[in-house]
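**Student:** Take this structure first; my questions come after.
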Amino acid sequence: MVLIIVFVFIGILNPATAKMIPWMFEVMADSFKELGMTVSGMKIDAMTSWTQFFKNIPMALIAFLLIFSNSFTKEYQSGTLVLVLTKGLPRNVVVLAKSLFMLISWTVGYWMCFSITYAYNAYFWDNSIANNLFFSAATWYLFGLLTVCLLILFSVLQNNSGEILLEVGVCVIVGYVLKLIPVTKKFSVLTLADTAALLAGTAKPDSYIMAIVISLVLDCICIGTGVVCMNKKQL
Amino acid sequence: MHSINILSIKNLKKSYGSKEVLKGLNLDIPEHSIFGFAGKNGAGKTTTMKLVLGLLRPDEGEIYVCDKKVSFGQTETNKYIGYLPDVPEFYPFMTSSEYLQFCGELCGMDESSVKARSSELLELVGLAGETHRIGSFSRGMKQRLGIAQALLNSPRLLICDEPTSALDPIGRKEILDILYAARGQTTIFFSTHILSDIERICTNVAFLEEGVIALQGDMSTVRGTYPGNEYIIETVLDGDADKLVKAFPELKAVNRNTLVCQEDNGKLSQVLRYMVDNGIPFYKIEREAPSLEDVFMKVIK
Ligand SMILES: Nc1ncnc2c1ncn2[C@@H]1O[C@H](COP(=O)(O)OP(=O)(O)OP(=O)(O)O)[C@@H](O)[C@H]1O
Ligand SMILES: [Mg+2]
């Protein structure tokens, strides 16, 4: 356990930045919101603010993925990973420790972002106007979690950050296409990122259960496959 | 005494795509030896070492470290091994003692022994007073830290991949001295293409050529394999050398006034008589034992 914590602690270089970025995006988003209010003079309430939140959070996710995309590759390339492996650190610990760190970072970053918005909104307006607020936030969180797991899987498989990001992107596109086809729509995890209808109260949380289950299963598959592939990776 | 093999490789094969790098390599490293592993660039030295560390998957063959089979992807046998890669890289934001501390925790050493061992090793490699972060280290300093981290858990086998190739002559000598000083604690297996390094410290040597071990054994046996002692004759006058070559075609002219005579053709006494009879003055006549380089050249021919 100490070992995992130590590895988590030093394994990734940018923990501070990673935590800062979602927050910075949030600050920026807020200032945009305020700008939008003065410029267009449209009616602003908690609902608009939450719509903004779900529009801005993908940027935070992309930034997060960019930052962590070289978490594995830079260790492959510089050879620091080889050294710790030859010191007797089991390979699966490496994957699990790094995964844990990324998942915790995403969780902390995302919910921090959410609470800041929530606090602002509660202060300025009234959060109760948004339906299923926590549920929508949770579905989006799960969507983010899945992309992070995909990132981990591809990080194990690939040696190049660009390819890793590309492959995560391809997966998202596949999910998007699945969502467009009516038959498979129910199974596409991308519906998790569709929060507008939930917020407006026109969609029922029940209809998301399938996607939630699938995403959780995929999370486990990604990490599990990652561990297995790491054991088979030539370094 | 030399009956225990700390590392033994049997019929190891490895190819990258269609390129066959190792074609049935056999190697035994006796305990307490300093084992030099020589081969040209691209001969497969690094590949062999990574296979021993379980970082690459062998196509065929077996590797035993301390009589335990190495299985690819697992790190179990690595606890007997200290490894210094060809270009060691560390987490740049740590200092050398922090890094050793971290390594100690990875191998499950307790804190006080890590402290004692790391200060001892930093002393040995000459980084004791260094408090800067590794990011600012020079190549030679990283090489030293690399040796320190490799020796940290008192491994039974120390594997060094070209520990000296990027260093200046003084740095090279210092690294060799460090390795030589470590010989009492461990068996050392190091690769290099600088044969004089092997001559300096090794007790055993193996030549890797065309994916197999062309020759291996302890230093004196290897040198004895190709006896070919030579005599070098250096004349005072340039013309005399030509005269000698005309009289004895088997002499080889190395330059204008230096000739080489092979010991085994029995011509030397005749050459000497000819020189006395004709009053040919000379600077020196010297017997030269074959260097490892000569042996290597013959092996790879
Ligand atoms: N990952 C790889 N993919 C394809 N070919 C490789 C790979 N690694 C090494 N090779 C090839 O295998 C051969 C042996 O490489 P290796 O690094 O083991 O040589 P080496 O003896 O360590 O050489 P050097 O003295 O230059 O370090 C080389 O010809 C190289 O081109
Ligand atoms: Mg090499």
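Chain labels A, B, ... are given in the sequence in which chains occur in the structure tokens; within each chain residues are numbered consecutively from 1, and ligands are likewise numbered from 1 in the order shown.
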As an mmCIF file with C-alpha atoms, in the first residue's frame, please: the residues near Thr191 of chain A (cut-off 12 Å, only C-alpha atoms, same-chain neighbours under 4 positions excluded).
**Tutor:**
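Everything below was put into selection33.cif:
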```
data_model
loop_
_atom_site.group_PDB
_atom_site.id
_atom_site.type_symbol
_atom_site.label_atom_id
_atom_site.label_comp_id
_atom_site.auth_asym_id
_atom_site.auth_seq_id
_atom_site.Cartn_x
_atom_site.Cartn_y
_atom_site.Cartn_z
ATOM 1 C CA SER A 136 -26.877 14.219 -14.850
ATOM 2 C CA THR A 139 -23.733 10.331 -15.809
ATOM 3 C CA TRP A 140 -21.342 12.829 -17.323
ATOM 4 C CA LEU A 142 -19.149 8.240 -15.715
ATOM 5 C CA PHE A 143 -18.678 9.156 -19.349
ATOM 6 C CA VAL A 172 -15.835 8.272 -28.832
ATOM 7 C CA GLY A 175 -19.988 5.585 -29.467
ATOM 8 C CA TYR A 176 -21.470 8.591 -31.206
ATOM 9 C CA VAL A 177 -22.344 6.614 -34.315
ATOM 10 C CA LEU A 178 -23.951 3.923 -32.153
ATOM 11 C CA LYS A 179 -26.022 6.623 -30.553
ATOM 12 C CA LEU A 180 -27.277 7.857 -33.924
ATOM 13 C CA ILE A 181 -28.595 4.431 -34.879
ATOM 14 C CA PRO A 182 -31.959 4.023 -33.164
ATOM 15 C CA THR A 184 -28.227 0.677 -30.673
ATOM 16 C CA LYS A 185 -28.941 4.059 -29.133
ATOM 17 C CA LYS A 186 -29.875 2.510 -25.826
ATOM 18 C CA PHE A 187 -26.505 0.779 -25.586
ATOM 19 C CA THR A 195 -27.636 15.736 -20.111
ATOM 20 C CA ALA A 196 -29.832 18.389 -21.698
ATOM 21 C CA ALA A 197 -32.998 16.277 -21.699
ATOM 22 C CA LEU A 198 -32.391 15.147 -18.150
ATOM 23 C CA ALA A 203 -35.924 12.234 -20.037
ATOM 24 C CA PRO A 205 -33.109 8.554 -15.309
ATOM 25 C CA SER A 207 -33.520 5.115 -19.534
ATOM 26 C CA TYR A 208 -29.871 5.639 -18.672
ATOM 27 C CA ILE A 209 -29.430 2.529 -16.611
ATOM 28 C CA MET A 210 -28.336 0.382 -19.529
ATOM 29 C CA ALA A 211 -25.661 2.867 -20.566
ATOM 30 C CA ILE A 212 -24.457 3.218 -16.991
ATOM 31 C CA ILE A 214 -22.322 -0.867 -19.892
ATOM 32 C CA SER A 215 -19.925 1.947 -19.086
#
```
**Student:** Could you list, as a count of residues only, all residues that come within 7 Å of ligand 2? Count only C-alpha atoms and all ligand atoms.
**Tutor:** 7
**Student:** May I have the residues of chain B within 12 Å of chain A, counting only C-alpha atoms, written as a VMD selection string?
**Tutor:** chain B and resid 16 46 to 47 49 to 58 71 to 94 98 to 109 146 to 147 149 to 155 158 to 159
**Student:** Could you write those residues out with C-alpha atoms, as a PDB file, in the first residue's frame?
**Tutor:**
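Saved result, out31.pdb, follows:
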```pdb
ATOM      1  CA  TYR B  16      12.451  -8.530 -34.559  1.00  0.00           C
ATOM      2  CA  THR B  46      21.183  -5.012 -25.282  1.00  0.00           C
ATOM      3  CA  THR B  47      18.611  -7.466 -26.597  1.00  0.00           C
ATOM      4  CA  MET B  49      20.246  -8.312 -21.454  1.00  0.00           C
ATOM      5  CA  LYS B  50      16.626  -7.278 -21.807  1.00  0.00           C
ATOM      6  CA  LEU B  51      15.698 -10.891 -22.346  1.00  0.00           C
ATOM      7  CA  VAL B  52      17.497 -11.804 -19.145  1.00  0.00           C
ATOM      8  CA  LEU B  53      15.503  -9.121 -17.354  1.00  0.00           C
ATOM      9  CA  GLY B  54      12.229 -10.444 -18.714  1.00  0.00           C
ATOM     10  CA  LEU B  55      11.537  -7.230 -20.583  1.00  0.00           C
ATOM     11  CA  LEU B  56      11.395  -8.932 -23.971  1.00  0.00           C
ATOM     12  CA  ARG B  57       9.766 -12.182 -24.948  1.00  0.00           C
ATOM     13  CA  PRO B  58      12.197 -14.811 -26.208  1.00  0.00           C
ATOM     14  CA  SER B  71       9.548 -15.718 -17.289  1.00  0.00           C
ATOM     15  CA  PHE B  72       8.740 -12.840 -19.570  1.00  0.00           C
ATOM     16  CA  GLY B  73       6.629 -10.075 -18.065  1.00  0.00           C
ATOM     17  CA  GLN B  74       7.230 -11.159 -14.497  1.00  0.00           C
ATOM     18  CA  THR B  75       9.699  -9.460 -12.261  1.00  0.00           C
ATOM     19  CA  GLU B  76      10.472 -12.256  -9.857  1.00  0.00           C
ATOM     20  CA  THR B  77      13.999 -13.104 -10.930  1.00  0.00           C
ATOM     21  CA  ASN B  78      14.798  -9.409 -11.095  1.00  0.00           C
ATOM     22  CA  LYS B  79      15.232  -9.288  -7.364  1.00  0.00           C
ATOM     23  CA  TYR B  80      18.554 -11.071  -7.834  1.00  0.00           C
ATOM     24  CA  ILE B  81      19.607  -8.616 -10.505  1.00  0.00           C
ATOM     25  CA  GLY B  82      20.837  -5.061 -10.495  1.00  0.00           C
ATOM     26  CA  TYR B  83      20.515  -3.438 -13.880  1.00  0.00           C
ATOM     27  CA  LEU B  84      22.225  -0.429 -15.378  1.00  0.00           C
ATOM     28  CA  PRO B  85      20.705   0.408 -18.772  1.00  0.00           C
ATOM     29  CA  ASP B  86      22.770   1.855 -21.604  1.00  0.00           C
ATOM     30  CA  VAL B  87      21.285   5.319 -21.111  1.00  0.00           C
ATOM     31  CA  PRO B  88      19.986   5.446 -17.542  1.00  0.00           C
ATOM     32  CA  GLU B  89      17.203   7.934 -16.911  1.00  0.00           C
ATOM     33  CA  PHE B  90      15.679   8.751 -13.558  1.00  0.00           C
ATOM     34  CA  TYR B  91      12.825  10.871 -12.358  1.00  0.00           C
ATOM     35  CA  PRO B  92      14.442  14.272 -12.810  1.00  0.00           C
ATOM     36  CA  PHE B  93      12.709  15.953  -9.903  1.00  0.00           C
ATOM     37  CA  MET B  94      14.383  13.756  -7.304  1.00  0.00           C
ATOM     38  CA  GLU B  98      15.696  10.412  -2.729  1.00  0.00           C
ATOM     39  CA  TYR B  99      15.866   8.186  -5.757  1.00  0.00           C
ATOM     40  CA  LEU B 100      17.752   5.499  -3.872  1.00  0.00           C
ATOM     41  CA  GLN B 101      15.233   5.816  -1.067  1.00  0.00           C
ATOM     42  CA  PHE B 102      12.457   5.241  -3.582  1.00  0.00           C
ATOM     43  CA  CYS B 103      14.232   2.223  -5.076  1.00  0.00           C
ATOM     44  CA  GLY B 104      14.738   0.819  -1.617  1.00  0.00           C
ATOM     45  CA  GLU B 105      11.023   0.993  -0.988  1.00  0.00           C
ATOM     46  CA  LEU B 106      10.369  -0.743  -4.295  1.00  0.00           C
ATOM     47  CA  CYS B 107      12.556  -3.674  -3.312  1.00  0.00           C
ATOM     48  CA  GLY B 108      10.986  -3.803   0.109  1.00  0.00           C
ATOM     49  CA  MET B 109      14.069  -2.887   2.086  1.00  0.00           C
ATOM     50  CA  GLY B 146      22.801   4.078 -12.188  1.00  0.00           C
ATOM     51  CA  ILE B 147      25.452   1.851 -10.675  1.00  0.00           C
ATOM     52  CA  GLN B 149      20.796   2.083  -7.739  1.00  0.00           C
ATOM     53  CA  ALA B 150      21.733  -1.214  -9.371  1.00  0.00           C
ATOM     54  CA  LEU B 151      23.795  -2.248  -6.365  1.00  0.00           C
ATOM     55  CA  LEU B 152      21.287  -1.017  -3.808  1.00  0.00           C
ATOM     56  CA  ASN B 153      19.646  -4.304  -2.905  1.00  0.00           C
ATOM     57  CA  SER B 154      22.972  -6.184  -2.980  1.00  0.00           C
ATOM     58  CA  PRO B 155      22.043  -8.164  -6.104  1.00  0.00           C
ATOM     59  CA  LEU B 158      24.926  -6.913 -11.752  1.00  0.00           C
ATOM     60  CA  ILE B 159      24.075  -6.310 -15.390  1.00  0.00           C
TER      61      ILE B 159
END
```
**Student:** Set the distance at 6 Å and use only C-alpha atoms: which residues neighbour Phe282 of chain B once local chain neighbours fewer than 4 positions away are removed? I'd like the list as an NGL selection string.
**Tutor:** :B and (234-236)
**Student:** With N, CA and C atoms kept, could you save the residues just selected as a PDB file, in the first residue's frame?
**Tutor:**
```pdb
ATOM      1  N   GLU B 234      61.678  -3.306 -36.113  1.00  0.00           N
ATOM      2  CA  GLU B 234      61.709  -1.931 -36.573  1.00  0.00           C
ATOM      3  C   GLU B 234      63.143  -1.608 -36.990  1.00  0.00           C
ATOM      4  N   THR B 235      63.342  -1.338 -38.272  1.00  0.00           N
ATOM      5  CA  THR B 235      64.692  -1.050 -38.752  1.00  0.00           C
ATOM      6  C   THR B 235      64.969   0.439 -38.666  1.00  0.00           C
ATOM      7  N   VAL B 236      66.265   0.775 -38.728  1.00  0.00           N
ATOM      8  CA  VAL B 236      66.626   2.196 -38.655  1.00  0.00           C
ATOM      9  C   VAL B 236      66.430   2.850 -40.016  1.00  0.00           C
TER      10      VAL B 236
END
```
**Student:** Please compute the atom CA of Ile129 of chain A-atom CA of Met47 of chain A distance, one decimal, in Å.
**Tutor:** 6.5 Å
**Student:** What does the distance from atom CA of Glu130 of chain B to atom CA of Ala182 of chain B come to in Å, to one decimal?
**Tutor:** 21.1 Å
**Student:** Taking into account only C-alpha atoms and all ligand atoms, which residue in the set B:Leu122, B:Ile175, B:Ala166, B:Ile9 is nearest to ligand 1?
**Tutor:** B:Ala166
**Student:** Skipping near chain neighbours, those fewer than 5 positions away, what residues fall within 12 Å of segment 284-298 of chain B using only C-alpha atoms, listed as number ranges by chain?
**Tutor:** B: 36-40, 193-200, 202, 204-209, 213-216, 218-236, 257-263, 268, 271-272, 275
**Student:** Find the residue from B:Asp238, B:Glu210, B:Glu174, B:Glu62 that sits nearest to ligand 1; use only C-alpha atoms and all ligand atoms when measuring.
**Tutor:**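 With only C-alpha atoms and all ligand atoms as the atom set, the closest residue is B:Glu210.
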